Structures are given as C-alpha cells and as structure tokens.
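Next up, target.pdb (PDB, C-alpha atoms and all ligand atoms):
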ATOM      1  CA  MET A  53       0.000   0.000   0.000  1.00  0.00           C
ATOM      2  CA  ILE A  54       2.726   2.484   0.966  1.00  0.00           C
ATOM      3  CA  GLU A  55       4.587   1.759  -2.273  1.00  0.00           C
ATOM      4  CA  GLN A  56       1.370   2.246  -4.291  1.00  0.00           C
ATOM      5  CA  LEU A  57       0.715   5.550  -2.518  1.00  0.00           C
ATOM      6  CA  ARG A  58       4.235   6.642  -3.337  1.00  0.00           C
ATOM      7  CA  GLU A  59       3.531   5.908  -7.012  1.00  0.00           C
ATOM      8  CA  VAL A  60       0.301   7.979  -6.900  1.00  0.00           C
ATOM      9  CA  LYS A  61       2.244  10.852  -5.334  1.00  0.00           C
ATOM     10  CA  GLN A  62       5.123  10.582  -7.813  1.00  0.00           C
ATOM     11  CA  LYS A  63       2.769  10.591 -10.814  1.00  0.00           C
ATOM     12  CA  ALA A  64       0.832  13.554  -9.435  1.00  0.00           C
ATOM     13  CA  ILE A  65       4.095  15.494  -9.039  1.00  0.00           C
ATOM     14  CA  GLU A  66       5.170  14.578 -12.583  1.00  0.00           C
ATOM     15  CA  ASP A  67       1.779  15.613 -13.993  1.00  0.00           C
ATOM     16  CA  LEU A  68       1.819  18.873 -11.975  1.00  0.00           C
ATOM     17  CA  VAL A  69      -1.356  17.890 -10.122  1.00  0.00           C
ATOM     18  CA  PRO A  70      -1.437  19.796  -6.811  1.00  0.00           C
ATOM     19  CA  ILE A  71      -1.548  17.486  -3.794  1.00  0.00           C
ATOM     20  CA  MET A  72      -1.270  17.985  -0.052  1.00  0.00           C
ATOM     21  CA  SER A  73       2.081  17.948   1.684  1.00  0.00           C
ATOM     22  CA  ASP A  74       2.927  15.045   3.984  1.00  0.00           C
ATOM     23  CA  GLU A  75       2.782  17.443   6.969  1.00  0.00           C
ATOM     24  CA  SER A  76      -0.762  18.481   6.017  1.00  0.00           C
ATOM     25  CA  ILE A  77      -1.821  14.835   5.792  1.00  0.00           C
ATOM     26  CA  ASP A  78      -0.206  14.141   9.177  1.00  0.00           C
ATOM     27  CA  PHE A  79      -2.096  17.051  10.734  1.00  0.00           C
ATOM     28  CA  ILE A  80      -5.396  15.907   9.217  1.00  0.00           C
ATOM     29  CA  VAL A  81      -4.935  12.299  10.310  1.00  0.00           C
ATOM     30  CA  THR A  82      -3.964  13.375  13.848  1.00  0.00           C
ATOM     31  CA  SER A  83      -7.040  15.646  14.045  1.00  0.00           C
ATOM     32  CA  LEU A  84      -9.404  12.992  12.659  1.00  0.00           C
ATOM     33  CA  LEU A  85      -8.124  10.507  15.238  1.00  0.00           C
ATOM     34  CA  LYS A  86      -8.214  13.055  18.083  1.00  0.00           C
ATOM     35  CA  TYR A  87     -11.843  13.950  17.383  1.00  0.00           C
ATOM     36  CA  GLN A  88     -12.762  10.335  16.608  1.00  0.00           C
ATOM     37  CA  CYS A  89     -14.075  11.126  13.137  1.00  0.00           C
ATOM     38  CA  LYS A  90     -15.477   8.189  11.224  1.00  0.00           C
ATOM     39  CA  SER A  91     -16.859   9.967   8.163  1.00  0.00           C
ATOM     40  CA  VAL A  92     -15.279  12.691   6.047  1.00  0.00           C
ATOM     41  CA  LEU A  93     -16.427  14.909   3.202  1.00  0.00           C
ATOM     42  CA  GLU A  94     -13.500  16.187   1.136  1.00  0.00           C
ATOM     43  CA  VAL A  95     -13.890  18.981  -1.400  1.00  0.00           C
ATOM     44  CA  GLY A  96     -11.104  18.611  -3.980  1.00  0.00           C
ATOM     45  CA  THR A  97     -10.034  15.031  -4.736  1.00  0.00           C
ATOM     46  CA  ALA A  98      -7.523  15.724  -7.512  1.00  0.00           C
ATOM     47  CA  VAL A  99      -6.202  12.183  -8.185  1.00  0.00           C
ATOM     48  CA  GLY A 100      -7.106  10.887  -4.732  1.00  0.00           C
ATOM     49  CA  PHE A 101      -3.772  11.217  -2.943  1.00  0.00           C
ATOM     50  CA  SER A 102      -5.067  12.817   0.270  1.00  0.00           C
ATOM     51  CA  ALA A 103      -8.126  10.550   0.471  1.00  0.00           C
ATOM     52  CA  LEU A 104      -5.999   7.449  -0.174  1.00  0.00           C
ATOM     53  CA  SER A 105      -3.436   8.509   2.429  1.00  0.00           C
ATOM     54  CA  ILE A 106      -6.098   9.138   5.068  1.00  0.00           C
ATOM     55  CA  ALA A 107      -7.927   5.888   4.250  1.00  0.00           C
ATOM     56  CA  SER A 108      -4.735   3.877   4.475  1.00  0.00           C
ATOM     57  CA  LEU A 109      -3.797   5.388   7.851  1.00  0.00           C
ATOM     58  CA  ILE A 110      -7.304   5.137   9.381  1.00  0.00           C
ATOM     59  CA  PRO A 111      -8.823   1.856   8.158  1.00  0.00           C
ATOM     60  CA  GLU A 112     -12.231   2.452   9.793  1.00  0.00           C
ATOM     61  CA  ILE A 113     -12.810   5.841   8.156  1.00  0.00           C
ATOM     62  CA  LYS A 114     -15.201   6.470   5.245  1.00  0.00           C
ATOM     63  CA  ILE A 115     -14.489   9.352   2.858  1.00  0.00           C
ATOM     64  CA  THR A 116     -16.731  10.986   0.266  1.00  0.00           C
ATOM     65  CA  THR A 117     -14.583  13.126  -2.004  1.00  0.00           C
ATOM     66  CA  ILE A 118     -15.695  15.518  -4.752  1.00  0.00           C
ATOM     67  CA  GLU A 119     -13.783  16.498  -7.919  1.00  0.00           C
ATOM     68  CA  ARG A 120     -15.017  18.563 -10.861  1.00  0.00           C
ATOM     69  CA  ASP A 121     -12.150  17.886 -13.272  1.00  0.00           C
ATOM     70  CA  GLU A 122     -13.104  14.764 -15.233  1.00  0.00           C
ATOM     71  CA  SER A 123      -9.621  13.475 -16.047  1.00  0.00           C
ATOM     72  CA  ARG A 124      -8.517  13.841 -12.409  1.00  0.00           C
ATOM     73  CA  TYR A 125     -11.707  12.139 -11.225  1.00  0.00           C
ATOM     74  CA  VAL A 126     -11.094   9.206 -13.628  1.00  0.00           C
ATOM     75  CA  GLN A 127      -7.508   8.926 -12.402  1.00  0.00           C
ATOM     76  CA  ALA A 128      -8.706   9.021  -8.778  1.00  0.00           C
ATOM     77  CA  VAL A 129     -11.186   6.197  -9.419  1.00  0.00           C
ATOM     78  CA  ARG A 130      -8.401   4.139 -11.006  1.00  0.00           C
ATOM     79  CA  ASN A 131      -6.109   4.774  -8.038  1.00  0.00           C
ATOM     80  CA  ILE A 132      -8.842   3.865  -5.554  1.00  0.00           C
ATOM     81  CA  GLU A 133      -9.509   0.595  -7.430  1.00  0.00           C
ATOM     82  CA  LYS A 134      -5.814  -0.212  -7.737  1.00  0.00           C
ATOM     83  CA  ILE A 135      -5.165   0.331  -4.032  1.00  0.00           C
ATOM     84  CA  ASP A 136      -8.452  -1.479  -3.325  1.00  0.00           C
ATOM     85  CA  VAL A 137     -10.021   0.965  -0.874  1.00  0.00           C
ATOM     86  CA  ARG A 138     -13.408   1.166  -2.636  1.00  0.00           C
ATOM     87  CA  HIS A 139     -15.065   0.195   0.647  1.00  0.00           C
ATOM     88  CA  GLN A 140     -13.588   3.336   2.248  1.00  0.00           C
ATOM     89  CA  ILE A 141     -13.673   6.011  -0.467  1.00  0.00           C
ATOM     90  CA  CYS A 142     -16.656   7.191  -2.466  1.00  0.00           C
ATOM     91  CA  SER A 143     -15.389   9.344  -5.320  1.00  0.00           C
ATOM     92  CA  VAL A 144     -17.894  11.825  -6.750  1.00  0.00           C
ATOM     93  CA  PHE A 145     -17.581  13.572 -10.112  1.00  0.00           C
ATOM     94  CA  ALA A 146     -19.304  16.910  -9.545  1.00  0.00           C
ATOM     95  CA  ASP A 147     -18.809  20.580  -9.059  1.00  0.00           C
ATOM     96  CA  ALA A 148     -19.003  20.997  -5.293  1.00  0.00           C
ATOM     97  CA  LEU A 149     -20.979  24.182  -5.865  1.00  0.00           C
ATOM     98  CA  ASP A 150     -23.825  22.005  -7.261  1.00  0.00           C
ATOM     99  CA  TYR A 151     -23.361  18.890  -5.144  1.00  0.00           C
ATOM    100  CA  GLN A 152     -26.388  18.091  -2.994  1.00  0.00           C
ATOM    101  CA  CYS A 153     -25.352  16.570   0.308  1.00  0.00           C
ATOM    102  CA  THR A 154     -27.686  13.861   1.592  1.00  0.00           C
ATOM    103  CA  GLN A 155     -25.912  12.825   4.776  1.00  0.00           C
ATOM    104  CA  THR A 156     -23.981  14.303   7.661  1.00  0.00           C
ATOM    105  CA  PHE A 157     -20.258  13.869   8.292  1.00  0.00           C
ATOM    106  CA  ASP A 158     -17.854  14.053  11.237  1.00  0.00           C
ATOM    107  CA  ALA A 159     -15.350  16.103   9.278  1.00  0.00           C
ATOM    108  CA  LEU A 160     -15.082  18.398   6.281  1.00  0.00           C
ATOM    109  CA  ILE A 161     -11.807  18.933   4.424  1.00  0.00           C
ATOM    110  CA  ILE A 162     -11.709  21.915   2.085  1.00  0.00           C
ATOM    111  CA  ASP A 163      -8.910  21.664  -0.485  1.00  0.00           C
ATOM    112  CA  ALA A 164     -10.346  23.006  -3.743  1.00  0.00           C
ATOM    113  CA  ALA A 165     -10.559  26.433  -5.414  1.00  0.00           C
ATOM    114  CA  LYS A 166      -9.071  28.670  -2.710  1.00  0.00           C
ATOM    115  CA  ALA A 167     -11.115  31.743  -3.609  1.00  0.00           C
ATOM    116  CA  GLN A 168     -14.244  29.740  -2.820  1.00  0.00           C
ATOM    117  CA  ASN A 169     -13.363  28.562   0.679  1.00  0.00           C
ATOM    118  CA  LYS A 170     -16.231  30.561   2.175  1.00  0.00           C
ATOM    119  CA  THR A 171     -18.755  29.255  -0.354  1.00  0.00           C
ATOM    120  CA  PHE A 172     -17.710  25.658   0.330  1.00  0.00           C
ATOM    121  CA  PHE A 173     -17.742  26.272   4.056  1.00  0.00           C
ATOM    122  CA  ASP A 174     -21.235  27.812   4.049  1.00  0.00           C
ATOM    123  CA  ARG A 175     -22.552  25.096   1.754  1.00  0.00           C
ATOM    124  CA  PHE A 176     -21.235  22.076   3.669  1.00  0.00           C
ATOM    125  CA  PHE A 177     -20.847  23.186   7.291  1.00  0.00           C
ATOM    126  CA  PRO A 178     -24.575  22.532   7.982  1.00  0.00           C
ATOM    127  CA  PHE A 179     -23.869  18.867   7.146  1.00  0.00           C
ATOM    128  CA  ILE A 180     -21.089  18.571   9.729  1.00  0.00           C
ATOM    129  CA  LYS A 181     -22.207  16.988  13.005  1.00  0.00           C
ATOM    130  CA  PRO A 182     -22.293  19.248  16.098  1.00  0.00           C
ATOM    131  CA  ARG A 183     -18.971  17.978  17.414  1.00  0.00           C
ATOM    132  CA  GLY A 184     -17.424  17.624  13.984  1.00  0.00           C
ATOM    133  CA  ILE A 185     -14.408  19.433  12.586  1.00  0.00           C
ATOM    134  CA  VAL A 186     -13.519  21.406   9.461  1.00  0.00           C
ATOM    135  CA  ILE A 187      -9.987  21.514   8.086  1.00  0.00           C
ATOM    136  CA  VAL A 188      -8.949  24.009   5.424  1.00  0.00           C
ATOM    137  CA  ASP A 189      -5.641  23.715   3.559  1.00  0.00           C
ATOM    138  CA  ASN A 190      -3.396  26.191   1.659  1.00  0.00           C
ATOM    139  CA  LEU A 191      -4.278  29.318   3.613  1.00  0.00           C
ATOM    140  CA  ASP A 192      -0.787  30.749   3.113  1.00  0.00           C
ATOM    141  CA  PHE A 193      -1.236  30.191  -0.616  1.00  0.00           C
ATOM    142  CA  HIS A 194       2.407  29.353  -1.278  1.00  0.00           C
ATOM    143  CA  GLY A 195       3.601  32.228   0.922  1.00  0.00           C
ATOM    144  CA  HIS A 196       1.648  34.881  -1.017  1.00  0.00           C
ATOM    145  CA  ASN A 197      -0.767  35.502   1.846  1.00  0.00           C
ATOM    146  CA  LYS A 198       2.033  36.860   4.057  1.00  0.00           C
ATOM    147  CA  ASN A 199       3.327  39.111   1.286  1.00  0.00           C
ATOM    148  CA  ALA A 200       0.065  40.253  -0.295  1.00  0.00           C
ATOM    149  CA  GLU A 201       1.110  43.918  -0.086  1.00  0.00           C
ATOM    150  CA  LEU A 202       3.971  43.161  -2.489  1.00  0.00           C
ATOM    151  CA  LEU A 203       1.626  41.811  -5.156  1.00  0.00           C
ATOM    152  CA  THR A 204       0.903  45.220  -6.626  1.00  0.00           C
ATOM    153  CA  ASP A 205       1.403  44.115 -10.246  1.00  0.00           C
ATOM    154  CA  ARG A 206      -0.348  40.745  -9.916  1.00  0.00           C
ATOM    155  CA  ARG A 207      -4.029  41.573  -9.735  1.00  0.00           C
ATOM    156  CA  ASN A 208      -5.477  38.046  -9.949  1.00  0.00           C
ATOM    157  CA  LEU A 209      -3.139  36.705  -7.322  1.00  0.00           C
ATOM    158  CA  ARG A 210      -3.892  39.634  -5.034  1.00  0.00           C
ATOM    159  CA  GLN A 211      -7.632  39.093  -5.452  1.00  0.00           C
ATOM    160  CA  MET A 212      -7.183  35.415  -4.586  1.00  0.00           C
ATOM    161  CA  VAL A 213      -5.188  36.258  -1.462  1.00  0.00           C
ATOM    162  CA  ASN A 214      -7.801  38.849  -0.458  1.00  0.00           C
ATOM    163  CA  LYS A 215     -10.517  36.182  -0.706  1.00  0.00           C
ATOM    164  CA  ILE A 216      -8.504  33.750   1.399  1.00  0.00           C
ATOM    165  CA  ARG A 217      -8.009  36.489   4.018  1.00  0.00           C
ATOM    166  CA  ALA A 218     -11.704  37.399   3.882  1.00  0.00           C
ATOM    167  CA  PHE A 219     -12.567  33.770   4.626  1.00  0.00           C
ATOM    168  CA  GLU A 220     -10.184  33.767   7.599  1.00  0.00           C
ATOM    169  CA  ASP A 221     -11.758  36.978   8.919  1.00  0.00           C
ATOM    170  CA  TYR A 222     -15.226  35.518   8.413  1.00  0.00           C
ATOM    171  CA  VAL A 223     -14.603  32.386  10.491  1.00  0.00           C
ATOM    172  CA  ASN A 224     -12.535  34.259  13.094  1.00  0.00           C
ATOM    173  CA  ASN A 225     -15.365  36.754  13.611  1.00  0.00           C
ATOM    174  CA  ARG A 226     -18.059  34.133  14.045  1.00  0.00           C
ATOM    175  CA  GLU A 227     -18.804  33.766  17.727  1.00  0.00           C
ATOM    176  CA  ASP A 228     -20.046  30.202  17.330  1.00  0.00           C
ATOM    177  CA  LEU A 229     -16.702  28.905  16.058  1.00  0.00           C
ATOM    178  CA  ASP A 230     -13.397  27.969  17.609  1.00  0.00           C
ATOM    179  CA  VAL A 231     -10.656  28.498  15.025  1.00  0.00           C
ATOM    180  CA  GLU A 232      -7.121  27.216  15.273  1.00  0.00           C
ATOM    181  CA  ARG A 233      -4.635  28.454  12.646  1.00  0.00           C
ATOM    182  CA  VAL A 234      -1.615  26.188  12.290  1.00  0.00           C
ATOM    183  CA  LEU A 235       1.691  26.812  10.533  1.00  0.00           C
ATOM    184  CA  ILE A 236       1.772  23.385   8.960  1.00  0.00           C
ATOM    185  CA  GLY A 237       2.221  22.616   5.283  1.00  0.00           C
ATOM    186  CA  ASP A 238       0.944  25.621   3.343  1.00  0.00           C
ATOM    187  CA  GLY A 239      -1.012  26.985   6.323  1.00  0.00           C
ATOM    188  CA  MET A 240      -4.020  25.168   7.727  1.00  0.00           C
ATOM    189  CA  MET A 241      -7.041  25.844   9.864  1.00  0.00           C
ATOM    190  CA  LEU A 242      -9.020  23.618  12.207  1.00  0.00           C
ATOM    191  CA  ILE A 243     -12.545  24.851  12.927  1.00  0.00           C
ATOM    192  CA  ARG A 244     -14.996  23.517  15.517  1.00  0.00           C
ATOM    193  CA  ARG A 245     -18.281  24.699  16.952  1.00  0.00           C
ATOM    194  CA  ILE A 246     -18.075  26.371  20.355  1.00  0.00           C
ATOM    195  CA  GLY A 247     -20.401  24.842  22.919  1.00  0.00           C
ATOM    196  CA  HIS A 248     -19.914  21.315  21.665  1.00  0.00           C
ATOM    197  CA  SER A 249     -16.786  20.442  23.568  1.00  0.00           C
ATOM    198  CA  PHE A 250     -15.458  17.004  22.964  1.00  0.00           C
ATOM    199  CA  ASN A 251     -15.482  14.496  25.801  1.00  0.00           C
ATOM    200  CA  PHE A 252     -12.458  12.343  25.050  1.00  0.00           C
ATOM    201  CA  TYR A 253     -13.508   9.813  27.686  1.00  0.00           C
ATOM    202  CA  GLU A 254     -16.945   9.062  26.252  1.00  0.00           C
TER     203      GLU A 254
HETATM  204  C1  LIG B 301      -5.295  21.031  -4.376  1.00  0.00           C
HETATM  205  S1  LIG B 301      -6.219  19.971  -5.398  1.00  0.00           S
HETATM  206  C2  LIG B 301      -6.771  18.715  -4.292  1.00  0.00           C
HETATM  207  C3  LIG B 301      -5.641  17.858  -3.820  1.00  0.00           C
HETATM  208  C4  LIG B 301      -6.088  16.635  -3.036  1.00  0.00           C
HETATM  209  N1  LIG B 301      -6.890  16.990  -1.895  1.00  0.00           N
HETATM  210  C5  LIG B 301      -4.860  15.896  -2.554  1.00  0.00           C
HETATM  211  O1  LIG B 301      -4.188  16.388  -1.641  1.00  0.00           O
HETATM  212  O2  LIG B 301      -4.562  14.827  -3.103  1.00  0.00           O
HETATM  213  C6  LIG B 301      -7.698  20.864  -5.648  1.00  0.00           C
HETATM  214  C7  LIG B 301      -8.688  20.145  -6.549  1.00  0.00           C
HETATM  215  O3  LIG B 301      -9.970  20.756  -6.327  1.00  0.00           O
HETATM  216  C8  LIG B 301     -10.678  20.688  -7.543  1.00  0.00           C
HETATM  217  N2  LIG B 301     -11.745  21.685  -7.476  1.00  0.00           N
HETATM  218  C9  LIG B 301     -11.630  23.035  -7.501  1.00  0.00           C
HETATM  219  N3  LIG B 301     -12.842  23.601  -7.400  1.00  0.00           N
HETATM  220  C10 LIG B 301     -13.741  22.585  -7.309  1.00  0.00           C
HETATM  221  C11 LIG B 301     -15.151  22.536  -7.216  1.00  0.00           C
HETATM  222  N4  LIG B 301     -15.891  23.651  -7.222  1.00  0.00           N
HETATM  223  N5  LIG B 301     -15.761  21.332  -7.125  1.00  0.00           N
HETATM  224  C12 LIG B 301     -15.007  20.188  -7.142  1.00  0.00           C
HETATM  225  N6  LIG B 301     -13.675  20.180  -7.258  1.00  0.00           N
HETATM  226  C13 LIG B 301     -13.042  21.361  -7.341  1.00  0.00           C
HETATM  227  C14 LIG B 301      -9.611  20.987  -8.610  1.00  0.00           C
HETATM  228  O4  LIG B 301     -10.012  20.501  -9.870  1.00  0.00           O
HETATM  229  C15 LIG B 301      -8.397  20.270  -8.038  1.00  0.00           C
HETATM  230  O5  LIG B 301      -8.230  18.990  -8.595  1.00  0.00           O
END
Can the structure in the file be given as structure tokens, please?
Ligand SMILES: C[S@@+](CC[C@H](N)C(=O)[O-])C[C@H]1O[C@@H](n2cnc3c(N)ncnc32)[C@H](O)[C@@H]1O
Amino acid sequence: MIEQLREVKQKAIEDLVPIMSDESIDFIVTSLLKYQCKSVLEVGTAVGFSALSIASLIPEIKITTIERDESRYVQAVRNIEKIDVRHQICSVFADALDYQCTQTFDALIIDAAKAQNKTFFDRFFPFIKPRGIVIVDNLDFHGHNKNAELLTDRRNLRQMVNKIRAFEDYVNNREDLDVERVLIGDGMMLIRRIGHSFNFYE
C-alpha cells in the first residue's frame, strides 16, 4: 500500500497535479483521530492522494470526495480501485458548488478552489455533526498571503489572497466557532463549533 501511494504521489508530481504535503496529511490524520471522526467529506479530490493517504492510515474511516475535473476524477477512481479501498472512499464527479449533500459527516476537508473557501464552508458546514471538525488547507497560498502587499502588479493573485483572508476573517469573527490556525504545510485551519466540547472519555 505504501509503495502504491508513493507511485500515486510521484505521478501527481510529474503531472503537476497539486496534492497535499505530507505534513498536512499528518495534521489531518492526527485531528481525525483526536476527534474520533469516522466519516469525512472532502472537497477537492484531484487524483485521490489525500483521500488514499487518510484511508490507508485510518482503516475504519469512510471518505466521500468531490472532484469537478473529469480526467482527475477518472484517475482518482483508477487509483482507488488499484489500491483497493473502494469500501472506504466514495469518489464523486461533480462541481461541489452544485453537489447536494444527503448525509452528515464528522469532518469536512476543504482543499479546492481557494477563492471559494467561504462558499464551500457555508454550503457544507450545515452537514457537519455538532462535534465535527472542518480543516482548510493552503491558507498561506504558497507564501503569497504573508506578502500580499507586495503583489501590486499581480491583480489576480492579489484578489485570490484577499478572498482567502476574507474567509479567515469571516470564520474568526463568528462567535459560534473555535478556530485554530496552524503553521503546517501551506497553512491550515481547524474549525470547531463552540459549545460542543469534545469528551475524550466518552
Ligand atoms: C489542491 S487539489 C486537491 C488535492 C487533493 N486533496 C490531494 O491532496 O490529493 C484541488 C482540486 O480541487 C478541484 N476543485 C476546484 N474547485 C472545485 C469545485 N468547485 N468542485 C469540485 N472540485 C473542485 C480541482 O479541480 C483540483 O483537482
């Protein structure tokens, strides 16, 4: 399994498909275990690397993962079949902006179009169980977030960074949320509802 995952990662790197860093996966897996998550909705499958990594490290977890790019979705399905984790991963070919959720999840992972973090959050957070968690990746946006003031001649990039910052402000200003910003990978966030503290001894 580990060798097959390495091959998926290597091919993604060769094909310039963006995938999560190992540190980001470690943080997600640690958080999913800490909060005893059994079901995950992931927005942004790419070729399945993050979902496959999580599934291989937490055998009891079930992941529904959404991808809108057809060739990446097809590649993800192939990888899931090859690694034989069909019982753990449900791969969905859809634009997450249209996807109709029909179940609730313990965790939401947002790793898709960064300018739409807030839209994804607002759309799927109602389907996250009261004591569930949300993890958002790439908040530093390859270091650009820290240096946004220097992006004077790069309008699109600046707009993207502004949207990422606006999402951060939005969740930080919500009084019902506990937000933890972590300097892991490309900058991550762990969001939980306040008032639904987790009893680790239950
Ligand atoms: C950073 S990649 C995901 C990487 C993956 N989580 C991993 O680590 O292996 C982001 C993916 O989100 C997809 N995406 C962007 N916007 C989307 C949307 N609205 N609905 C579904 N997928 C989307 C892109 O096509 C891209 O493949």
Box along x, y and z, 4 Å on every side, all listed atoms of range 165-174 of chain A inside: centre and edge lengths in Å to one decimal, as JSON.
{"center_x": -15.2, "center_y": 28.7, "center_z": -0.7, "size_x": 20.2, "size_y": 14.1, "size_z": 17.5}
Best match for closeness to ligand LIG 301 (chain B) among A:Cys89, A:Ala146, A:Ile106, A:Ile113, counting all atoms listed in the file
A:Ala146
Grab the CA of Tyr222 in chain A to CA of Ile243 in chain A distance for me, in Å with one decimal place.
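Result for CA of Tyr222 in chain A versus CA of Ile243 in chain A: 11.9 Å, one decimal.
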Between chain A and ligand LIG 301 (chain B), at 10 Å or less, what are the per-residue closest atom pairs and their distances in Å? Count only C-alpha atoms and all ligand atoms, order by chain and rising residue number, and return it as a tab-separated table.
residue	atom	partner	partner_atom	distance
A:Val60	CA	B:LIG301	O2	9.2
A:Lys61	CA	B:LIG301	O2	8.2
A:Ala64	CA	B:LIG301	O2	8.4
A:Val69	CA	B:LIG301	S1	7.1
A:Pro70	CA	B:LIG301	C1	4.7
A:Ile71	CA	B:LIG301	O1	3.6
A:Met72	CA	B:LIG301	O1	3.7
A:Ser73	CA	B:LIG301	O1	7.3
A:Asp74	CA	B:LIG301	O1	9.2
A:Ser76	CA	B:LIG301	O1	8.6
A:Ile77	CA	B:LIG301	O1	8.0
A:Glu94	CA	B:LIG301	N1	7.3
A:Val95	CA	B:LIG301	C12	6.0
A:Gly96	CA	B:LIG301	O3	3.4
A:Thr97	CA	B:LIG301	C4	4.6
A:Ala98	CA	B:LIG301	O5	3.5
A:Val99	CA	B:LIG301	O2	6.0
A:Gly100	CA	B:LIG301	O2	5.0
A:Phe101	CA	B:LIG301	O2	3.7
A:Ser102	CA	B:LIG301	O2	4.0
A:Ala103	CA	B:LIG301	O2	6.6
A:Leu104	CA	B:LIG301	O2	8.1
A:Ser105	CA	B:LIG301	O2	8.5
A:Thr117	CA	B:LIG301	N1	8.6
A:Ile118	CA	B:LIG301	C12	5.3
A:Glu119	CA	B:LIG301	N6	3.7
A:Arg120	CA	B:LIG301	C12	4.1
A:Asp121	CA	B:LIG301	O4	4.8
A:Glu122	CA	B:LIG301	O4	8.4
A:Ser123	CA	B:LIG301	O4	9.4
A:Arg124	CA	B:LIG301	O5	6.4
A:Tyr125	CA	B:LIG301	O5	8.1
A:Ala128	CA	B:LIG301	O2	9.1
A:Val144	CA	B:LIG301	C12	8.9
A:Phe145	CA	B:LIG301	C12	7.7
A:Ala146	CA	B:LIG301	C12	5.9
A:Asp147	CA	B:LIG301	N5	3.7
A:Ala148	CA	B:LIG301	N5	3.7
A:Leu149	CA	B:LIG301	N4	5.3
A:Asp150	CA	B:LIG301	N5	8.1
A:Tyr151	CA	B:LIG301	N5	8.2
A:Ile161	CA	B:LIG301	N1	8.2
A:Ile162	CA	B:LIG301	N1	8.0
A:Asp163	CA	B:LIG301	C2	5.3
A:Ala164	CA	B:LIG301	O3	3.4
A:Ala165	CA	B:LIG301	C9	4.1
A:Lys166	CA	B:LIG301	C9	7.8
A:Ala167	CA	B:LIG301	N3	9.1
A:Gln168	CA	B:LIG301	N4	7.7
A:Asn169	CA	B:LIG301	N3	9.5
A:Thr171	CA	B:LIG301	N4	9.3
A:Phe172	CA	B:LIG301	N4	8.0
A:Asp189	CA	B:LIG301	C1	8.4
A:Asn190	CA	B:LIG301	C1	8.2
Can you give me, as a ChimeraX atom specification, the residues this file yields under the PyMOL selection byres (((chain A and resi 245) around 9) and not hetatm)?
/A:182-185,228-231,243-244,246-249
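Taking CA of Leu160 in chain A as the reference point, CA of Arg58 in chain A is found at 24.6 Å.
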May I ask which of the residues A:Ile180, A:Ile132, A:Val186, A:Leu57 is the closest one to Thr154 in chain A, counting all atoms listed in the file?
A:Ile180
